[in-house]
Amino acid sequence: MFTVYVLHSEKHDKIYIGYTSNLQERFKSHNELGNKGWTVKYRPWKIIHTELYDTKPEAMAREKELKGGQGRNWIRNTILNP
């Protein structure tokens, strides 16, 4: 199973979209363990949306959709500001 996830930094009003096979470890990496990369600058993160997929290609395709302009608008209009 693969999880597509959306993180939100309330402090900086930033969105991060990714996918993983281990959400718990990946989230820990974004918020605590990682010491380099884009997400480090905008901590703390909250998980605001998840979707489960059976295959990696399905998860990758959905991640790509969400990272586009329409996907980001959907996240902001449906999840953050319903």
# chains A, B, ... in the order shown; residues from 1 in each chain; ligands from 1

$ residues_around --residues "segment 35-51 of chain A" --least-positions-apart "2" --cutoff "8 Å" --atoms "only C-alpha atoms" --output "PyMOL selection string"
chain A and resi 3-12+14+16+30-31+33+53+79-80

$ write_last_selection --atoms "N, CA and C atoms" --output "compact mmCIF listing (two decimals), in the first residue's frame"
# COMPACT_ATOMS: atom_id res chain seq x y z
N THR A 3 0.60 5.60 0.38
CA THR A 3 -0.21 6.71 0.84
C THR A 3 0.24 7.99 0.16
N VAL A 4 -0.70 8.68 -0.46
CA VAL A 4 -0.46 10.04 -0.94
C VAL A 4 -0.91 10.93 0.20
N TYR A 5 -0.08 11.88 0.57
CA TYR A 5 -0.40 12.71 1.73
C TYR A 5 -0.18 14.18 1.43
N VAL A 6 -0.93 15.01 2.17
CA VAL A 6 -0.79 16.45 2.06
C VAL A 6 -0.48 16.98 3.45
N LEU A 7 0.61 17.72 3.54
CA LEU A 7 1.00 18.36 4.80
C LEU A 7 0.73 19.86 4.69
N HIS A 8 0.43 20.47 5.83
CA HIS A 8 0.23 21.92 5.86
C HIS A 8 1.00 22.50 7.03
N SER A 9 1.71 23.58 6.75
CA SER A 9 2.39 24.35 7.79
C SER A 9 1.53 25.59 8.05
N GLU A 10 0.83 25.58 9.18
CA GLU A 10 -0.02 26.74 9.52
C GLU A 10 0.83 27.98 9.71
N LYS A 11 1.97 27.81 10.34
CA LYS A 11 2.84 28.95 10.66
C LYS A 11 3.27 29.70 9.39
N HIS A 12 3.52 28.97 8.31
CA HIS A 12 4.01 29.58 7.07
C HIS A 12 2.99 29.50 5.92
N LYS A 14 2.11 26.92 4.10
CA LYS A 14 2.71 26.17 3.00
C LYS A 14 2.07 24.79 2.93
N TYR A 16 2.67 20.79 1.36
CA TYR A 16 3.61 19.82 0.81
C TYR A 16 2.84 18.58 0.44
N HIS A 30 9.77 14.40 8.12
CA HIS A 30 9.45 15.79 7.79
C HIS A 30 9.48 16.69 9.03
N ASN A 31 9.02 16.19 10.16
CA ASN A 31 8.86 17.04 11.34
C ASN A 31 10.02 16.99 12.33
N LEU A 33 13.25 14.29 12.10
CA LEU A 33 14.54 13.68 11.80
C LEU A 33 15.33 14.38 10.72
N TYR A 53 -3.42 3.89 -2.01
CA TYR A 53 -3.35 3.28 -3.33
C TYR A 53 -2.62 1.95 -3.23
N ILE A 79 -10.09 21.30 1.38
CA ILE A 79 -9.56 20.76 2.63
C ILE A 79 -9.25 21.88 3.64
N LEU A 80 -8.54 22.89 3.19
CA LEU A 80 -8.14 23.96 4.12
C LEU A 80 -9.26 24.95 4.41

$ select_by_dssp --residues "chain A" --states "helix (DSSP H, G or I)" --output "MDAnalysis selection string"
chainID A and resid 23:33 38:42 56:67 69:80

$ atom_distance --atom1 "atom CA of Ala61 of chain A" --atom2 "atom CA of Thr20 of chain A"
12.8 Å

$ select_by_dssp --residues "chain A" --states "strand (DSSP E or B)" --output "list in words"
Phe2, Thr3, Val4, Tyr5, Val6, Leu7, His8, Ser9, Lys14, Ile15, Tyr16, Ile17, Gly18, Tyr19, Thr20, Lys46, Ile47, Ile48, His49, Thr50, Glu51, Leu52 and Tyr53 of chain A

$ residues_around --residues "Met1 of chain A" --least-positions-apart "2" --cutoff "8 Å" --atoms "only C-alpha atoms" --output "NGL selection string"
:A and (3 or 21 or 52-56)
